[in-house]
>>> print(open('entry-v2.cif').read())   # mmCIF, C-alpha atoms
data_input
loop_
_atom_site.group_PDB
_atom_site.id
_atom_site.type_symbol
_atom_site.label_atom_id
_atom_site.label_comp_id
_atom_site.auth_asym_id
_atom_site.auth_seq_id
_atom_site.Cartn_x
_atom_site.Cartn_y
_atom_site.Cartn_z
ATOM 1 C CA MET H 9 71.871 -13.345 1.078
ATOM 2 C CA GLN H 10 70.410 -10.726 3.446
ATOM 3 C CA LEU H 11 67.926 -9.563 0.743
ATOM 4 C CA SER H 12 66.806 -13.134 0.036
ATOM 5 C CA LYS H 13 66.180 -13.773 3.734
ATOM 6 C CA THR H 14 64.045 -10.614 3.974
ATOM 7 C CA TRP H 15 61.845 -11.713 1.082
ATOM 8 C CA GLN H 16 61.457 -15.112 2.740
ATOM 9 C CA GLN H 17 60.187 -13.392 5.903
ATOM 10 C CA VAL H 18 57.689 -11.330 3.899
ATOM 11 C CA ALA H 19 56.412 -14.418 2.126
ATOM 12 C CA VAL H 20 55.945 -16.286 5.410
ATOM 13 C CA GLY H 21 54.066 -13.293 6.883
ATOM 14 C CA LEU H 22 51.731 -13.136 3.918
ATOM 15 C CA SER H 23 51.042 -16.864 4.156
ATOM 16 C CA ILE H 24 50.133 -16.568 7.844
ATOM 17 C CA ALA H 25 47.826 -13.609 7.101
ATOM 18 C CA ALA H 26 46.077 -15.557 4.355
ATOM 19 C CA MET H 27 45.568 -18.537 6.682
ATOM 20 C CA VAL H 28 44.061 -16.296 9.382
ATOM 21 C CA GLY H 29 41.744 -14.636 6.845
ATOM 22 C CA SER H 30 40.609 -18.050 5.596
ATOM 23 C CA VAL H 31 39.856 -19.323 9.089
ATOM 24 C CA SER H 32 37.913 -16.184 10.004
ATOM 25 C CA GLY H 33 35.846 -16.455 6.808
ATOM 26 C CA CYS H 34 36.314 -12.812 5.885
ATOM 27 C CA GLY H 35 38.655 -13.043 2.886
ATOM 28 C CA PRO H 36 41.595 -10.657 2.430
ATOM 29 C CA LEU H 37 42.632 -8.764 5.513
ATOM 30 C CA ALA H 38 41.937 -5.080 5.864
ATOM 31 C CA SER H 39 44.633 -2.650 6.927
ATOM 32 C CA GLY H 40 44.720 -1.151 10.401
ATOM 33 C CA ALA H 41 44.638 -2.410 13.968
ATOM 34 C CA ASN H 42 41.437 -4.468 13.525
ATOM 35 C CA ALA H 43 42.650 -6.311 10.463
ATOM 36 C CA VAL H 44 40.711 -9.487 11.337
ATOM 37 C CA PRO H 45 37.105 -8.622 12.281
ATOM 38 C CA SER H 46 35.450 -10.702 14.959
ATOM 39 C CA VAL H 47 32.327 -12.780 14.220
ATOM 40 C CA LYS H 48 30.182 -10.236 16.091
ATOM 41 C CA TYR H 49 31.563 -7.405 14.001
ATOM 42 C CA LEU H 50 30.759 -9.279 10.802
ATOM 43 C CA ALA H 51 27.165 -9.832 11.880
ATOM 44 C CA ASP H 52 26.709 -6.151 12.672
ATOM 45 C CA THR H 53 28.260 -5.128 9.346
ATOM 46 C CA SER H 54 25.890 -7.443 7.469
ATOM 47 C CA ALA H 55 22.862 -5.827 9.100
ATOM 48 C CA VAL H 56 24.043 -2.326 8.250
ATOM 49 C CA THR H 57 24.832 -3.285 4.653
ATOM 50 C CA GLU H 58 21.394 -4.785 4.100
ATOM 51 C CA GLU H 59 19.644 -1.635 5.299
ATOM 52 C CA SER H 60 21.941 0.730 3.431
ATOM 53 C CA THR H 61 21.269 -1.010 0.110
ATOM 54 C CA THR H 62 17.508 -0.995 0.561
ATOM 55 C CA PRO H 63 15.739 1.688 -1.485
ATOM 56 C CA SER H 64 14.339 4.304 0.851
ATOM 57 C CA THR H 65 12.692 7.694 0.667
ATOM 58 C CA ASP H 66 11.844 10.454 3.043
ATOM 59 C CA ALA H 67 8.820 8.724 4.487
ATOM 60 C CA GLY H 68 5.792 9.714 6.448
ATOM 61 C CA ALA H 69 7.593 8.567 9.575
ATOM 62 C CA ALA H 70 7.638 10.860 12.582
ATOM 63 C CA GLU H 71 11.123 9.722 13.563
ATOM 64 C CA PRO H 72 13.837 7.430 12.150
ATOM 65 C CA VAL H 73 12.776 3.812 11.973
ATOM 66 C CA ALA H 74 13.761 1.982 15.130
ATOM 67 C CA GLU H 75 15.839 -1.166 15.025
ATOM 68 C CA GLY H 76 14.181 -4.423 15.898
ATOM 69 C CA GLY H 77 12.305 -5.957 13.005
ATOM 70 C CA VAL H 78 8.914 -5.307 11.477
ATOM 71 C CA GLY H 79 5.325 -5.247 12.647
ATOM 72 C CA SER H 80 1.819 -5.390 11.241
ATOM 73 C CA ILE H 81 -1.151 -3.175 12.013
ATOM 74 C CA LYS H 82 -4.499 -4.861 12.518
ATOM 75 C CA GLY H 83 -6.941 -2.025 12.836
ATOM 76 C CA ARG H 84 -10.563 -0.990 12.673
ATOM 77 C CA VAL H 85 -12.182 2.251 11.597
ATOM 78 C CA VAL H 86 -15.133 3.027 13.854
ATOM 79 C CA PHE H 87 -18.031 5.377 13.130
ATOM 80 C CA ASP H 88 -18.402 7.402 16.318
ATOM 81 C CA GLY H 89 -22.064 8.382 16.622
ATOM 82 C CA ALA H 90 -25.572 7.298 15.728
ATOM 83 C CA PHE H 91 -25.993 6.095 12.146
ATOM 84 C CA THR H 92 -29.051 5.580 9.996
ATOM 85 C CA PRO H 93 -28.339 3.551 6.844
ATOM 86 C CA LEU H 94 -28.580 5.560 3.629
ATOM 87 C CA PRO H 95 -31.512 4.672 1.368
ATOM 88 C CA PRO H 96 -30.743 3.094 -2.035
ATOM 89 C CA LEU H 97 -29.964 5.388 -4.919
ATOM 90 C CA PHE H 98 -32.562 3.455 -6.923
ATOM 91 C CA ALA H 99 -35.050 0.839 -5.830
ATOM 92 C CA LYS H 100 -35.095 -2.448 -7.691
ATOM 93 C CA GLY H 101 -36.287 -1.852 -11.241
ATOM 94 C CA ALA H 102 -36.161 1.943 -10.917
ATOM 95 C CA ALA H 103 -32.763 2.745 -12.511
ATOM 96 C CA THR H 104 -33.056 5.662 -14.920
ATOM 97 C CA LYS H 105 -30.674 4.148 -17.488
ATOM 98 C CA ASP H 106 -30.721 0.571 -18.795
ATOM 99 C CA PRO H 107 -33.342 -0.446 -16.229
ATOM 100 C CA SER H 108 -33.455 -4.052 -17.443
ATOM 101 C CA VAL H 109 -29.788 -4.408 -16.436
ATOM 102 C CA CYS H 110 -29.172 -1.765 -13.791
ATOM 103 C CA GLY H 111 -32.539 -2.350 -12.179
ATOM 104 C CA ALA H 112 -31.993 -6.043 -11.562
ATOM 105 C CA GLU H 113 -31.240 -5.153 -7.944
ATOM 106 C CA ALA H 114 -31.605 -2.050 -5.799
ATOM 107 C CA ILE H 115 -28.582 0.207 -6.259
ATOM 108 C CA PRO H 116 -27.106 1.063 -2.858
ATOM 109 C CA ASP H 117 -25.729 4.417 -1.790
ATOM 110 C CA GLN H 118 -22.123 3.506 -0.958
ATOM 111 C CA ARG H 119 -20.980 6.929 0.188
ATOM 112 C CA ILE H 120 -21.239 5.923 3.862
ATOM 113 C CA VAL H 121 -21.338 2.242 4.782
ATOM 114 C CA VAL H 122 -21.450 1.295 8.461
ATOM 115 C CA ASN H 123 -21.810 -2.236 9.831
ATOM 116 C CA ASP H 124 -21.802 -2.969 13.572
ATOM 117 C CA GLY H 125 -20.094 0.371 14.132
ATOM 118 C CA GLY H 126 -17.345 -0.260 11.561
ATOM 119 C CA LEU H 127 -16.894 2.284 8.753
ATOM 120 C CA ALA H 128 -16.134 0.806 5.329
ATOM 121 C CA ASN H 129 -14.156 2.188 2.368
ATOM 122 C CA VAL H 130 -11.714 4.276 4.384
ATOM 123 C CA PHE H 131 -8.184 4.600 2.971
ATOM 124 C CA VAL H 132 -5.396 4.294 5.570
ATOM 125 C CA TYR H 133 -1.956 4.864 4.058
ATOM 126 C CA LEU H 134 1.538 6.277 4.261
ATOM 127 C CA GLU H 135 2.234 8.967 1.703
ATOM 128 C CA LYS H 136 5.757 7.597 1.214
ATOM 129 C CA ALA H 137 7.532 4.379 2.050
ATOM 130 C CA PRO H 138 9.321 4.505 5.430
ATOM 131 C CA LYS H 139 13.094 4.436 5.682
ATOM 132 C CA GLY H 140 14.526 0.955 5.825
ATOM 133 C CA SER H 141 11.503 -0.674 4.176
ATOM 134 C CA LYS H 142 11.683 -3.016 1.234
ATOM 135 C CA THR H 143 9.420 -2.508 -1.758
ATOM 136 C CA PRO H 144 8.485 -5.815 -3.398
ATOM 137 C CA GLU H 145 8.144 -6.205 -7.142
ATOM 138 C CA ILE H 146 4.962 -4.986 -8.769
ATOM 139 C CA PRO H 147 2.395 -7.783 -8.406
ATOM 140 C CA GLY H 148 0.153 -9.197 -11.108
ATOM 141 C CA PRO H 149 -3.116 -7.682 -12.323
ATOM 142 C CA ILE H 150 -5.968 -6.889 -9.951
ATOM 143 C CA GLU H 151 -9.652 -6.869 -10.872
ATOM 144 C CA PHE H 152 -12.028 -3.935 -11.091
ATOM 145 C CA ASP H 153 -15.502 -5.060 -12.116
ATOM 146 C CA GLN H 154 -18.909 -3.591 -12.965
ATOM 147 C CA LYS H 155 -22.018 -5.520 -11.969
ATOM 148 C CA THR H 156 -25.662 -4.360 -11.908
ATOM 149 C CA CYS H 157 -24.224 -0.931 -12.704
ATOM 150 C CA ILE H 158 -22.079 -0.778 -9.557
ATOM 151 C CA PHE H 159 -18.274 -0.665 -9.409
ATOM 152 C CA LEU H 160 -16.701 -3.567 -7.520
ATOM 153 C CA PRO H 161 -14.820 -2.895 -5.342
ATOM 154 C CA HIS H 162 -15.932 0.587 -4.374
ATOM 155 C CA ALA H 163 -12.477 1.508 -3.040
ATOM 156 C CA LEU H 164 -9.201 0.014 -4.234
ATOM 157 C CA VAL H 165 -5.464 0.461 -3.603
ATOM 158 C CA MET H 166 -2.951 -0.466 -6.277
ATOM 159 C CA ARG H 167 0.737 0.005 -7.106
ATOM 160 C CA THR H 168 1.799 2.477 -9.742
ATOM 161 C CA LYS H 169 2.322 0.675 -13.064
ATOM 162 C CA GLN H 170 0.338 -2.314 -11.803
ATOM 163 C CA VAL H 171 -2.297 -3.518 -14.255
ATOM 164 C CA VAL H 172 -5.888 -3.013 -13.145
ATOM 165 C CA THR H 173 -8.098 -5.154 -15.377
ATOM 166 C CA VAL H 174 -11.467 -3.461 -15.893
ATOM 167 C CA PHE H 175 -14.236 -6.023 -16.460
ATOM 168 C CA ASN H 176 -17.913 -5.654 -17.259
ATOM 169 C CA ASP H 177 -20.315 -8.277 -15.935
ATOM 170 C CA ASP H 178 -23.374 -6.416 -17.238
ATOM 171 C CA ALA H 179 -25.302 -6.864 -20.474
ATOM 172 C CA ALA H 180 -24.938 -3.119 -21.029
ATOM 173 C CA ALA H 181 -21.860 -1.096 -21.974
ATOM 174 C CA HIS H 182 -20.043 1.079 -19.461
ATOM 175 C CA ASN H 183 -17.655 3.965 -20.022
ATOM 176 C CA THR H 184 -15.129 3.796 -17.186
ATOM 177 C CA HIS H 185 -13.484 7.172 -16.597
ATOM 178 C CA THR H 186 -10.765 8.059 -14.065
ATOM 179 C CA TYR H 187 -9.918 11.566 -12.865
ATOM 180 C CA PRO H 188 -6.325 11.538 -11.566
ATOM 181 C CA LYS H 189 -4.309 14.675 -10.861
ATOM 182 C CA LYS H 190 -0.929 13.344 -11.986
ATOM 183 C CA SER H 191 -1.436 10.268 -14.184
ATOM 184 C CA SER H 192 -3.103 10.349 -17.584
ATOM 185 C CA PRO H 193 -6.877 9.804 -17.347
ATOM 186 C CA PHE H 194 -8.352 6.477 -18.387
ATOM 187 C CA ASN H 195 -11.512 6.876 -20.445
ATOM 188 C CA SER H 196 -12.674 3.729 -22.196
ATOM 189 C CA VAL H 197 -15.864 1.963 -23.184
ATOM 190 C CA VAL H 198 -16.019 -1.523 -21.696
ATOM 191 C CA GLN H 199 -18.273 -3.661 -23.830
ATOM 192 C CA PRO H 200 -21.192 -5.692 -22.416
ATOM 193 C CA ASN H 201 -20.199 -8.961 -20.734
ATOM 194 C CA ASP H 202 -16.492 -8.310 -21.299
ATOM 195 C CA ARG H 203 -14.693 -10.924 -19.203
ATOM 196 C CA VAL H 204 -11.355 -10.403 -20.963
ATOM 197 C CA GLY H 205 -11.104 -6.904 -19.593
ATOM 198 C CA VAL H 206 -9.448 -3.617 -20.494
ATOM 199 C CA PRO H 207 -6.064 -2.824 -18.858
ATOM 200 C CA LEU H 208 -5.745 0.324 -16.775
ATOM 201 C CA LYS H 209 -2.512 1.672 -15.256
ATOM 202 C CA TYR H 210 -1.553 4.645 -13.119
ATOM 203 C CA ASP H 211 1.965 5.865 -13.900
ATOM 204 C CA GLN H 212 2.176 8.410 -11.088
ATOM 205 C CA VAL H 213 1.633 8.367 -7.327
ATOM 206 C CA GLU H 214 -1.470 10.245 -6.177
ATOM 207 C CA LYS H 215 -1.562 12.027 -2.810
ATOM 208 C CA GLU H 216 -5.274 11.308 -2.406
ATOM 209 C CA PRO H 217 -7.630 8.714 -3.890
ATOM 210 C CA VAL H 218 -8.748 9.228 -7.482
ATOM 211 C CA SER H 219 -12.413 9.472 -8.438
ATOM 212 C CA VAL H 220 -13.704 6.902 -10.943
ATOM 213 C CA GLY H 221 -17.037 7.262 -12.755
ATOM 214 C CA CYS H 222 -19.112 5.979 -15.645
ATOM 215 C CA ASP H 223 -20.218 8.518 -18.262
ATOM 216 C CA ILE H 224 -23.160 6.335 -19.255
ATOM 217 C CA HIS H 225 -24.464 5.692 -15.744
ATOM 218 C CA PRO H 226 -23.603 8.842 -13.756
ATOM 219 C CA TRP H 227 -24.476 7.400 -10.330
ATOM 220 C CA MET H 228 -21.621 4.874 -10.583
ATOM 221 C CA GLN H 229 -18.728 5.941 -8.354
ATOM 222 C CA ALA H 230 -15.515 4.385 -7.062
ATOM 223 C CA TYR H 231 -12.086 5.478 -5.790
ATOM 224 C CA HIS H 232 -8.555 4.318 -6.620
ATOM 225 C CA LEU H 233 -5.316 5.078 -4.773
ATOM 226 C CA PRO H 234 -2.102 4.361 -6.724
ATOM 227 C CA LEU H 235 1.070 4.274 -4.600
ATOM 228 C CA ASP H 236 4.666 3.191 -5.143
ATOM 229 C CA HIS H 237 4.707 1.076 -1.975
ATOM 230 C CA THR H 238 2.518 -1.428 -0.105
ATOM 231 C CA PHE H 239 1.836 0.395 3.170
ATOM 232 C CA ALA H 240 -1.840 1.107 2.600
ATOM 233 C CA ALA H 241 -5.226 -0.522 3.059
ATOM 234 C CA VAL H 242 -8.951 0.071 2.641
ATOM 235 C CA SER H 243 -11.286 -0.743 5.513
ATOM 236 C CA LYS H 244 -13.656 -3.633 4.827
ATOM 237 C CA ASP H 245 -17.419 -3.691 5.369
ATOM 238 C CA ASP H 246 -16.893 -4.169 9.103
ATOM 239 C CA GLY H 247 -14.266 -1.408 9.285
ATOM 240 C CA THR H 248 -11.274 -3.721 9.688
ATOM 241 C CA PHE H 249 -7.996 -3.347 7.801
ATOM 242 C CA GLU H 250 -4.450 -4.686 7.925
ATOM 243 C CA ILE H 251 -1.081 -3.273 6.860
ATOM 244 C CA LYS H 252 1.853 -5.670 6.982
ATOM 245 C CA ASP H 253 5.651 -5.529 7.263
ATOM 246 C CA LEU H 254 6.111 -2.025 8.621
ATOM 247 C CA PRO H 255 9.557 -1.236 10.051
ATOM 248 C CA ALA H 256 9.354 -0.786 13.809
ATOM 249 C CA GLY H 257 9.043 2.858 14.806
ATOM 250 C CA LYS H 258 6.654 5.796 14.549
ATOM 251 C CA HIS H 259 4.653 6.304 11.361
ATOM 252 C CA GLU H 260 2.222 9.026 10.324
ATOM 253 C CA PHE H 261 -0.759 7.691 8.408
ATOM 254 C CA LYS H 262 -3.276 9.557 6.313
ATOM 255 C CA VAL H 263 -6.926 8.617 6.779
ATOM 256 C CA TRP H 264 -9.232 9.483 3.858
ATOM 257 C CA HIS H 265 -12.935 8.954 3.165
ATOM 258 C CA GLU H 266 -14.931 10.063 0.123
ATOM 259 C CA VAL H 267 -17.396 12.150 2.167
ATOM 260 C CA GLY H 268 -15.124 13.642 4.825
ATOM 261 C CA LYS H 269 -12.049 13.610 2.533
ATOM 262 C CA MET H 270 -8.824 13.883 4.579
ATOM 263 C CA LEU H 271 -10.061 12.810 8.017
ATOM 264 C CA GLU H 272 -6.540 12.612 9.487
ATOM 265 C CA LYS H 273 -3.402 14.113 7.941
ATOM 266 C CA SER H 274 -1.124 12.644 10.591
ATOM 267 C CA PHE H 275 -2.502 9.650 12.475
ATOM 268 C CA VAL H 276 0.583 8.544 14.431
ATOM 269 C CA VAL H 277 1.080 4.867 15.172
ATOM 270 C CA THR H 278 4.096 3.456 17.026
ATOM 271 C CA VAL H 279 4.698 0.067 15.468
ATOM 272 C CA LYS H 280 6.365 -2.654 17.508
ATOM 273 C CA PRO H 281 7.550 -6.019 16.164
ATOM 274 C CA GLY H 282 4.636 -8.407 15.705
ATOM 275 C CA ASP H 283 0.955 -7.490 15.595
ATOM 276 C CA ASN H 284 -0.250 -4.049 16.643
ATOM 277 C CA GLU H 285 -3.915 -3.265 17.363
ATOM 278 C CA VAL H 286 -5.209 0.139 16.238
ATOM 279 C CA THR H 287 -8.625 1.805 16.411
ATOM 280 C CA ILE H 288 -9.414 4.883 14.332
ATOM 281 C CA LYS H 289 -12.526 6.752 15.458
ATOM 282 C CA VAL H 290 -14.342 8.919 12.949
ATOM 283 C CA ALA H 291 -16.778 11.382 14.466
ATOM 284 C CA ALA H 292 -20.170 11.391 12.790
ATOM 285 C CA SER H 293 -19.854 15.172 12.365
ATOM 286 C CA LYS H 294 -16.869 14.678 10.046
ATOM 287 C CA LEU H 295 -19.187 12.876 7.633
ATOM 288 C CA GLY H 296 -22.005 15.374 8.022
ATOM 289 C CA LYS H 297 -23.991 13.125 10.353
#
>>> encode(input="entry-v2.cif", output="structure tokens")
Amino acid sequence: MQLSKTWQQVAVGLSIAAMVGSVSGCGPLASGANAVPSVKYLADTSAVTEESTTPSTDAGAAEPVAEGGVGSIKGRVVFDGAFTPLPPLFAKGAATKDPSVCGAEAIPDQRIVVNDGGLANVFVYLEKAPKGSKTPEIPGPIEFDQKTCIFLPHALVMRTKQVVTVFNDDAAAHNTHTYPKKSSPFNSVVQPNDRVGVPLKYDQVEKEPVSVGCDIHPWMQAYHLPLDHTFAAVSKDDGTFEIKDLPAGKHEFKVWHEVGKMLEKSFVVTVKPGDNEVTIKVAASKLGK
């Protein structure tokens, strides 16, 4: 009878523990003094679990990512000095190859493009994804076109393994040729007026933008930067750029331009939740001006 009574006590104790666990919403009770976590404890645990399961790498962050959400950088690259626009590579009708197609318009010199003080085609990027960041799935194809024997766009960021569809809007063939250091080169003829396109992929991350040329029209030039994250941008014609969803904290950006190459190896930005305004000044002397 004494043994039966003991088992009855154990059963009652287990029933009470199960009821408490059900009310608290945390399932089976853990062992130890804090067997039933408080609501606050559960919330904190959830936050830690989410971060710990997020893929992360040793990033270009100057210090561990601070708690407190994410922020976006809305910046502008400014040409610091006097600038005289570069003359066209070829005047209208003066192209040395396929003049009836390539000479339809003047072919601009896109090496240095400045508008209202803003410097275009500057790559601003993190070499690696910051700790605590989330990398979205690889997006769909992006376009890389050729029109009047000019690459469009002149500078482009893409994800590794993302499809870059190479089009040709000209009535003349182009031979698009990439020169990566890590990925396999792409070297393909793109037929005249090809609006279906030829797929191009970069399998490896590049530390600096990759040169792209055309073997048929040697003045054609563009740059691609394949990365395994989304924390990168190219400045627009007015010098503006935006990088979204950065974890709050300090980050070290690389700033690269085709003429000056690596303008900044470690441009430090402290990102706070919300929008952050940034100005990057590029001295004219860095671009040989």
>>> residues_around(input="entry-v2.cif", residues="stretch 166-168 of chain H", least_positions_apart="2", cutoff="10 Å", atoms="only C-alpha atoms", output="MDAnalysis selection string")
chainID H and resid 145:147 149:150 164 170:172 191 209:214 232:238 240:241
>>> atom_distance(input="entry-v2.cif", atom1="atom CA of H:Lys142", atom2="atom CA of H:Pro281")
15.8 Å
>>> resolve_selection(input="entry-v2.cif", expression="the PyMOL selection byres ((chain H and resi 279) around 12)", output="number ranges by chain")
H: 69-71, 73-82, 138, 251-261, 276-278, 280-286
>>> residues_around(input="entry-v2.cif", residues="H:Lys297", least_positions_apart="6", cutoff="12 Å", atoms="only C-alpha atoms", output="number ranges by chain")
H: 87-94, 120, 267-268, 290-291
>>> closest_residue(input="entry-v2.cif", among="H:Lys105, H:His225, H:Leu208, H:Ala179", to="H:Ser192", atoms="all atoms listed in the file")
H:Leu208
>>> atom_distance(input="entry-v2.cif", atom1="atom CA of H:Phe249", atom2="atom CA of H:Asp153")
21.4 Å
>>> closest_residue(input="entry-v2.cif", among="H:Ile224, H:Leu134, H:Ile115, H:Val206", to="H:Val263", atoms="all atoms listed in the file")
H:Leu134
>>> residues_around(input="entry-v2.cif", residues="H:Val220", least_positions_apart="5", cutoff="7 Å", atoms="all atoms listed in the file", output="list in words")
His185, Thr186, Tyr187, Gln229, Ala230 and Tyr231 of chain H
>>> residues_around(input="entry-v2.cif", residues="H:Val242", least_positions_apart="3", cutoff="10 Å", atoms="only C-alpha atoms", output="ChimeraX atom specification")
/H:85,128-133,162-165,233,245,247-251,263-265
>>> residues_around(input="entry-v2.cif", residues="H:Gly101", least_positions_apart="5", cutoff="10 Å", atoms="all atoms listed in the file", output="VMD selection string")
chain H and resid 106 to 115
>>> closest_residue(input="entry-v2.cif", among="H:Lys190, H:His182, H:Lys294, H:Lys244", to="H:Lys215", atoms="only C-alpha atoms")
H:Lys190
>>> closest_residue(input="entry-v2.cif", among="H:Thr184, H:Gln199, H:Arg84, H:Lys262", to="H:Asp223", atoms="all atoms listed in the file")
H:Thr184
>>> axis_aligned_box(input="entry-v2.cif", around="stretch 222-228 of chain H", padding_each_side="6 Å", output="AutoDock Vina command-line options")
--center_x -21.8 --center_y 6.9 --center_z -14.8 --size_x 17.4 --size_y 16.0 --size_z 20.9
>>> atom_distance(input="entry-v2.cif", atom1="atom CA of H:Ala103", atom2="atom CA of H:Val198")
19.6 Å
>>> closest_residue(input="entry-v2.cif", among="H:Phe275, H:Val197, H:Glu135, H:Ile158", to="H:Leu97", atoms="only C-alpha atoms")
H:Ile158
>>> closest_residue(input="entry-v2.cif", among="H:Gly221, H:Gly126, H:Gly140, H:Gly83", to="H:Asn183", atoms="all atoms listed in the file")
H:Gly221
